[in-house]
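Structure file final-v6.tsv with TSV, C-alpha atoms and all ligand atoms:
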chain	number	residue	atom	x	y	z
R	1	MET	CA	0.00	0.00	0.00
R	2	GLN	CA	1.50	3.34	-1.06
R	3	ASN	CA	1.64	6.19	1.41
R	4	ILE	CA	0.07	9.60	0.73
R	5	LYS	CA	3.29	11.08	-0.64
R	6	GLU	CA	3.71	8.22	-3.11
R	7	GLN	CA	0.09	8.41	-4.21
R	8	LEU	CA	0.38	12.17	-4.76
R	9	ASN	CA	3.55	11.61	-6.78
R	10	ILE	CA	1.72	9.16	-9.01
R	11	LEU	CA	-1.03	11.73	-9.49
R	12	ARG	CA	1.54	14.44	-10.24
R	13	LYS	CA	3.10	12.21	-12.91
R	14	GLU	CA	-0.34	11.65	-14.42
R	15	THR	CA	-0.88	15.40	-14.76
R	16	GLN	CA	2.51	15.74	-16.47
R	17	ASN	CA	1.18	13.74	-19.41
R	18	CYS	CA	-2.33	15.16	-19.27
R	19	LEU	CA	-3.91	16.36	-22.51
R	20	LYS	CA	-7.46	16.55	-21.19
R	21	CYS	CA	-7.95	20.22	-21.97
R	22	PRO	CA	-6.48	22.87	-24.29
R	23	LEU	CA	-4.37	24.35	-21.47
R	24	SER	CA	-1.95	21.47	-22.04
R	25	GLN	CA	-0.88	23.05	-25.33
R	26	ASN	CA	0.91	26.09	-23.97
R	27	ARG	CA	2.21	24.89	-20.63
R	28	THR	CA	5.91	24.90	-19.85
R	29	LYS	CA	5.53	22.98	-16.60
R	30	ILE	CA	2.67	21.42	-14.71
R	31	VAL	CA	1.99	23.28	-11.49
R	32	PHE	CA	0.79	20.55	-9.19
R	33	SER	CA	1.38	21.71	-5.62
R	34	ASP	CA	3.70	22.97	-2.95
R	35	GLY	CA	3.76	22.27	0.77
R	36	ASN	CA	3.17	19.46	3.17
R	37	GLU	CA	1.03	16.53	2.03
R	38	ASN	CA	-0.09	16.02	5.64
R	39	ALA	CA	-1.10	19.64	6.12
R	40	LYS	CA	-4.15	20.78	8.05
R	41	ILE	CA	-4.88	23.57	5.57
R	42	MET	CA	-5.14	23.40	1.81
R	43	PHE	CA	-5.06	26.68	-0.13
R	44	ILE	CA	-6.68	26.46	-3.57
R	45	GLY	CA	-6.02	29.33	-5.92
R	46	GLU	CA	-7.19	30.06	-9.44
R	47	ALA	CA	-4.51	28.95	-11.91
R	48	PRO	CA	-0.77	29.13	-12.52
R	49	GLY	CA	0.65	32.39	-13.84
R	50	LYS	CA	3.83	33.11	-15.79
R	51	ASN	CA	6.36	32.45	-13.01
R	52	GLU	CA	4.52	29.39	-11.81
R	53	ASP	CA	4.42	27.95	-15.33
R	54	LYS	CA	8.15	28.53	-15.67
R	55	MET	CA	9.12	27.06	-12.30
R	56	GLY	CA	6.38	24.45	-11.80
R	57	LEU	CA	5.39	25.81	-8.38
R	58	PRO	CA	2.15	27.51	-7.28
R	59	PHE	CA	1.93	30.98	-5.75
R	60	ILE	CA	5.36	32.29	-6.66
R	61	GLY	CA	4.24	35.24	-8.79
R	62	ARG	CA	3.64	38.69	-7.28
R	63	ALA	CA	0.26	37.78	-5.82
R	64	GLY	CA	1.37	34.40	-4.56
R	65	LEU	CA	4.41	35.87	-2.87
R	66	LEU	CA	2.15	38.36	-1.13
R	67	LEU	CA	0.12	35.47	0.31
R	68	ARG	CA	3.35	33.76	1.38
R	69	LYS	CA	4.55	37.02	2.98
R	70	TYR	CA	1.38	37.24	5.09
R	71	LEU	CA	1.64	33.58	6.07
R	72	LYS	CA	5.16	34.20	7.27
R	73	GLU	CA	4.24	37.40	9.06
R	74	LEU	CA	1.42	35.59	10.86
R	75	GLU	CA	3.82	32.82	11.83
R	76	TYR	CA	2.18	30.03	9.91
R	77	ASN	CA	4.34	26.96	10.10
R	78	GLU	CA	5.24	25.75	6.59
R	79	ASN	CA	4.14	22.26	7.61
R	80	ASP	CA	0.64	23.57	8.19
R	81	TYR	CA	-0.26	24.12	4.58
R	82	TYR	CA	-0.43	22.64	1.12
R	83	ILE	CA	-1.03	24.86	-1.93
R	84	THR	CA	-2.56	24.09	-5.29
R	85	ASN	CA	-4.88	25.58	-7.94
R	86	THR	CA	-8.17	24.74	-9.63
R	87	VAL	CA	-6.22	23.92	-12.82
R	88	LYS	CA	-2.66	22.67	-13.14
R	89	CYS	CA	-1.70	24.41	-16.40
R	90	ARG	CA	-1.41	28.11	-17.11
R	91	PRO	CA	-4.24	29.75	-19.06
R	92	PRO	CA	-2.93	32.01	-21.86
R	93	GLU	CA	-2.47	35.69	-20.95
R	94	ASN	CA	-3.40	34.81	-17.36
R	95	ARG	CA	-7.09	34.68	-18.22
R	96	LYS	CA	-9.44	32.84	-15.88
R	97	PRO	CA	-9.78	29.11	-16.59
R	98	THR	CA	-13.08	28.27	-18.28
R	99	ASN	CA	-15.67	26.03	-16.65
R	100	LYS	CA	-14.75	23.30	-19.14
R	101	GLU	CA	-11.06	23.52	-18.20
R	102	LYS	CA	-11.85	23.48	-14.49
R	103	LYS	CA	-14.11	20.48	-14.99
R	104	ALA	CA	-11.45	18.64	-16.97
R	105	CYS	CA	-8.96	19.19	-14.13
R	106	GLN	CA	-11.40	18.62	-11.29
R	107	ASN	CA	-10.58	14.97	-10.65
R	108	TYR	CA	-6.93	15.80	-9.94
R	109	LEU	CA	-7.98	18.38	-7.38
R	110	LYS	CA	-10.55	16.06	-5.85
R	111	LYS	CA	-7.95	13.33	-5.47
R	112	GLN	CA	-5.51	15.81	-3.90
R	113	ILE	CA	-8.18	16.77	-1.36
R	114	GLU	CA	-8.95	13.12	-0.63
R	115	LEU	CA	-5.30	12.28	-0.07
R	116	VAL	CA	-4.18	15.36	1.86
R	117	ASP	CA	-7.49	15.36	3.75
R	118	PRO	CA	-7.04	18.85	5.20
R	119	LYS	CA	-9.02	20.13	8.16
R	120	ILE	CA	-9.76	23.36	6.28
R	121	ILE	CA	-9.88	24.14	2.57
R	122	VAL	CA	-9.18	27.81	1.86
R	123	LEU	CA	-10.68	29.01	-1.42
R	124	VAL	CA	-8.41	31.80	-2.59
R	125	GLY	CA	-10.48	34.18	-4.71
R	126	SER	CA	-13.69	33.99	-6.70
R	127	THR	CA	-12.61	31.35	-9.25
R	128	ALA	CA	-11.85	28.83	-6.50
R	129	LEU	CA	-15.06	29.79	-4.72
R	130	GLU	CA	-17.12	29.25	-7.89
R	131	SER	CA	-15.45	25.90	-8.52
R	132	PHE	CA	-16.97	24.49	-5.38
R	133	ALA	CA	-20.41	26.01	-5.93
R	134	ILE	CA	-20.56	26.80	-2.24
R	135	GLU	CA	-23.56	29.05	-2.55
R	136	LYS	CA	-24.74	31.74	-4.89
R	137	THR	CA	-22.57	34.35	-3.30
R	138	THR	CA	-19.66	36.66	-4.05
R	139	ILE	CA	-16.19	36.49	-2.57
R	140	THR	CA	-16.82	39.80	-0.78
R	141	LYS	CA	-19.84	38.33	1.02
R	142	ALA	CA	-18.41	34.85	1.56
R	143	ARG	CA	-14.89	35.66	2.73
R	144	GLY	CA	-14.02	34.72	6.26
R	145	GLN	CA	-17.05	32.44	6.67
R	146	VAL	CA	-16.97	28.70	7.22
R	147	PHE	CA	-19.04	26.66	4.74
R	148	GLU	CA	-19.56	22.97	5.34
R	149	LYS	CA	-20.21	20.82	2.29
R	150	GLU	CA	-19.81	17.22	1.29
R	151	TYR	CA	-16.90	16.82	-1.07
R	152	ALA	CA	-14.52	13.98	-1.90
R	153	GLY	CA	-16.17	11.51	0.42
R	154	LYS	CA	-16.89	13.56	3.54
R	155	ILE	CA	-18.22	16.79	4.98
R	156	ARG	CA	-15.46	19.37	4.65
R	157	LYS	CA	-14.92	22.91	5.89
R	158	PHE	CA	-14.33	25.59	3.24
R	159	ILE	CA	-13.29	29.18	3.96
R	160	PRO	CA	-13.11	31.67	1.09
R	161	ILE	CA	-10.62	34.55	1.23
R	162	PHE	CA	-9.73	37.36	-1.18
R	163	HIS	CA	-7.26	36.53	-3.93
R	164	PRO	CA	-3.95	38.26	-3.15
R	165	SER	CA	-3.90	39.72	-6.70
R	166	TYR	CA	-6.78	41.95	-5.56
R	167	LEU	CA	-4.57	43.24	-2.75
R	168	LEU	CA	-1.76	44.23	-5.09
R	169	ARG	CA	-3.77	47.32	-5.98
R	170	LYS	CA	-4.91	48.00	-2.40
R	171	HIS	CA	-2.05	48.94	-0.14
R	172	SER	CA	-3.83	50.23	2.94
R	173	GLU	CA	-4.05	48.00	6.00
R	174	GLU	CA	-6.54	50.30	7.72
R	175	GLN	CA	-9.50	48.74	9.51
R	176	ASN	CA	-11.85	46.98	7.08
R	177	SER	CA	-9.56	47.55	4.09
R	178	PRO	CA	-9.11	44.45	1.85
R	179	ARG	CA	-5.64	43.81	3.33
R	180	PHE	CA	-6.98	44.16	6.86
R	181	LEU	CA	-9.75	41.64	6.10
R	182	PHE	CA	-7.33	39.29	4.35
R	183	LYS	CA	-5.10	39.25	7.41
R	184	LYS	CA	-8.08	38.88	9.72
R	185	ASP	CA	-9.22	35.80	7.76
R	186	LEU	CA	-5.75	34.25	7.86
R	187	ILE	CA	-5.59	34.80	11.63
R	188	PHE	CA	-9.02	33.18	12.01
R	189	ILE	CA	-7.94	30.16	9.91
R	190	LYS	CA	-4.78	29.76	11.95
R	191	GLU	CA	-6.80	29.85	15.16
R	192	LEU	CA	-9.15	27.18	13.83
R	193	ILE	CA	-6.39	24.70	13.15
R	194	THR	CA	-4.86	25.16	16.57
R	195	LEU	CA	-8.17	24.50	18.38
R	201	LIG	S1	-5.29	22.00	-16.83
R	201	LIG	FE1	-5.61	20.00	-15.88
R	201	LIG	S2	-6.97	18.92	-17.28
R	201	LIG	FE2	-6.09	20.62	-18.41
R	201	LIG	S3	-4.30	19.73	-19.41
R	201	LIG	FE3	-3.60	20.67	-17.49
R	201	LIG	S4	-3.64	18.97	-16.03
R	201	LIG	FE4	-4.87	18.32	-17.79
Could I get this file's structure written as structure tokens?
Ligand code: SF4
Amino acid sequence: MQNIKEQLNILRKETQNCLKCPLSQNRTKIVFSDGNENAKIMFIGEAPGKNEDKMGLPFIGRAGLLLRKYLKELEYNENDYYITNTVKCRPPENRKPTNKEKKACQNYLKKQIELVDPKIIVLVGSTALESFAIEKTTITKARGQVFEKEYAGKIRKFIPIFHPSYLLRKHSEEQNSPRFLFKKDLIFIKELITL
């Protein structure tokens, strides 16, 4: 019986040969994941960008590094989280992945969730939120709330947060500013996993 790491590696290899959607045509590298496969938190973003496509790692562009900066500032332990995206290949010109592309890639994500089995799934931005059809809601209304929903074999906790790309244009950390709320949500998530 393979352990979780081995099973995830098999899945990663599968994605490397995947031609299930048109995003396979322009990818440089598959962007499968980063982080601890036994993590309590899984962050799911939208899609790889230019840097991610080049390096094969998620959340290493400007927006992703901003998320990582906040995680560090809030003293998240790197073992606490695992990061991936709704699709594993970069959409051209950084457009949003289409519903068809997300659907084509969904089984990889579902299997990742099953294997990592995180305590909390953080939906980073509206594309990730929409992918899970949590409720007919917007990221502004849903952020910071806990949604429970059956997915990949059990009831799971989902918490939407703003996408860090939104924060790149909003520098203020004043009360109730997007950055303030982003930090507040990350603090809340950290508290939940330490309960
Ligand atoms: S985005 Fe997903 S489904 Fe589409 S080619 Fe890449 S790995 Fe396959």
Using only C-alpha atoms, pick whichever of R:Lys5, R:Pro118, R:Gly35, R:Val124 has the shortest atom-to-atom distance to Ile155 in chain R.
->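 Of all the options, R:Pro118 lies closest to Ile155 in chain R.
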Environment of ligand LIG 201 (chain R) within 10 Å, counting only C-alpha atoms and all ligand atoms, reported as a ChimeraX atom specification = /R:12,14-27,29-32,47-48,85-91,97,100-109
Of R:Ile193, R:Tyr70, R:Thr127, R:His163, the one sitting nearest Asn99 in chain R when using all atoms listed in the file is R:Thr127
Just give me the residues with any atom within 8 Å of (-3.1, 29.4, 11.2), file coordinates, counting all atoms listed in the file, written as number ranges by chain.
-> R: 74-77, 80, 186-194
Compile the contact shell of Ala39 in chain R as a PDB file with C-alpha atoms, keeping the file's coordinate frame: residues with an atom at most 10 Å away, counting all atoms listed in the file, same-chain residues fewer than 5 positions apart removed.
ATOM      1  CA  ASN R  77       4.340  26.960  10.100  1.00  0.00           C
ATOM      2  CA  GLU R  78       5.240  25.750   6.590  1.00  0.00           C
ATOM      3  CA  ASN R  79       4.140  22.260   7.610  1.00  0.00           C
ATOM      4  CA  ASP R  80       0.640  23.570   8.190  1.00  0.00           C
ATOM      5  CA  TYR R  81      -0.260  24.120   4.580  1.00  0.00           C
ATOM      6  CA  TYR R  82      -0.430  22.640   1.120  1.00  0.00           C
ATOM      7  CA  ILE R  83      -1.030  24.860  -1.930  1.00  0.00           C
ATOM      8  CA  VAL R 116      -4.180  15.360   1.860  1.00  0.00           C
ATOM      9  CA  ASP R 117      -7.490  15.360   3.750  1.00  0.00           C
ATOM     10  CA  PRO R 118      -7.040  18.850   5.200  1.00  0.00           C
ATOM     11  CA  LYS R 119      -9.020  20.130   8.160  1.00  0.00           C
ATOM     12  CA  ILE R 120      -9.760  23.360   6.280  1.00  0.00           C
TER      13      ILE R 120
END
Separation of CA of Pro92 in chain R from CA of Leu57 in chain R, in Å and rounded to one decimal | 17.0 Å
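Across the model, the gap from CA of Glu135 in chain R to CA of Arg156 in chain R is 14.5 Å.
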Within 12 Å of Glu114 in chain R using only C-alpha atoms, minus same-chain residues under 6 positions, as an NGL selection string = :R and (4 or 7-8 or 11 or 37-38 or 42 or 107-108 or 121 or 150-156)
Keeping C-alpha atoms, export the residues of the selection given above as a short mmCIF file (atom, residue, chain, number, x, y, z; two decimals), in the frame of the given file.
data_model
loop_
_atom_site.label_atom_id
_atom_site.label_comp_id
_atom_site.auth_asym_id
_atom_site.auth_seq_id
_atom_site.Cartn_x
_atom_site.Cartn_y
_atom_site.Cartn_z
CA ILE R 4 0.07 9.60 0.73
CA GLN R 7 0.09 8.41 -4.21
CA LEU R 8 0.38 12.17 -4.76
CA LEU R 11 -1.03 11.73 -9.49
CA GLU R 37 1.03 16.53 2.03
CA ASN R 38 -0.09 16.02 5.64
CA MET R 42 -5.14 23.40 1.81
CA ASN R 107 -10.58 14.97 -10.65
CA TYR R 108 -6.93 15.80 -9.94
CA ILE R 121 -9.88 24.14 2.57
CA GLU R 150 -19.81 17.22 1.29
CA TYR R 151 -16.90 16.82 -1.07
CA ALA R 152 -14.52 13.98 -1.90
CA GLY R 153 -16.17 11.51 0.42
CA LYS R 154 -16.89 13.56 3.54
CA ILE R 155 -18.22 16.79 4.98
CA ARG R 156 -15.46 19.37 4.65
#
May I ask which of the residues R:Leu66, R:Gly125, R:Asn94, R:Gln175 is the closest one to Gly45 in chain R, counting only C-alpha atoms?
->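 Checking each candidate against Gly45 in chain R, we get R:Gly125 as the closest.
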Could you state the separation of CA of Thr138 in chain R and CA of Ile161 in chain R in Å, given to one decimal place?
->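 Value for the CA of Thr138 in chain R-CA of Ile161 in chain R distance: 10.7 Å.
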R:Thr98, R:Ile44, R:Lys111, R:Asn36: which is nearest Ile10 in chain R, counting only C-alpha atoms?
->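 Under the stated criterion, the closest residue is R:Lys111.
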Residue nearest Leu129 in chain R - candidates R:Glu73, R:Glu6, R:Glu173, R:Glu46, atoms counted: all atoms listed in the file | R:Glu46
If I put a ball of radius 12 Å at (-22.4, 24.6, -3.8) in the file's coordinates, which residues poke into it when counting only C-alpha atoms, written as a list of chain:residue names?
->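 Within 12 Å of (-22.4, 24.6, -3.8), the protein and nucleic acid residues are R:Ala128, R:Leu129, R:Glu130, R:Ser131, R:Phe132, R:Ala133, R:Ile134, R:Glu135, R:Lys136, R:Thr137, R:Phe147, R:Glu148, R:Lys149, R:Glu150, R:Tyr151, R:Phe158.
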Phe162 in chain R surroundings by all atoms listed in the file, 12 Å radius, close-in-sequence under 5 positions cut, as a VMD selection string | chain R and resid 43 to 46 63 to 64 66 to 67 122 to 129 138 to 145 167 to 168 170 177 to 186
As lines of an AutoDock Vina configuration file, please report the centre and edge lengths, rounded to one decimal in Å, of the axis-aligned box that holds all listed atoms of range 53-59 of chain R with 8 Å of padding on each of the six sides.
center_x = 5.5
center_y = 27.7
center_z = -10.7
size_x = 23.2
size_y = 22.5
size_z = 25.9
With only C-alpha atoms as the atoms that count, which of R:Tyr166, R:Gly49, R:Val146, R:Lys157 lies nearest to Gly61 in chain R?
->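 With only C-alpha atoms as the atom set, the closest residue is R:Gly49.
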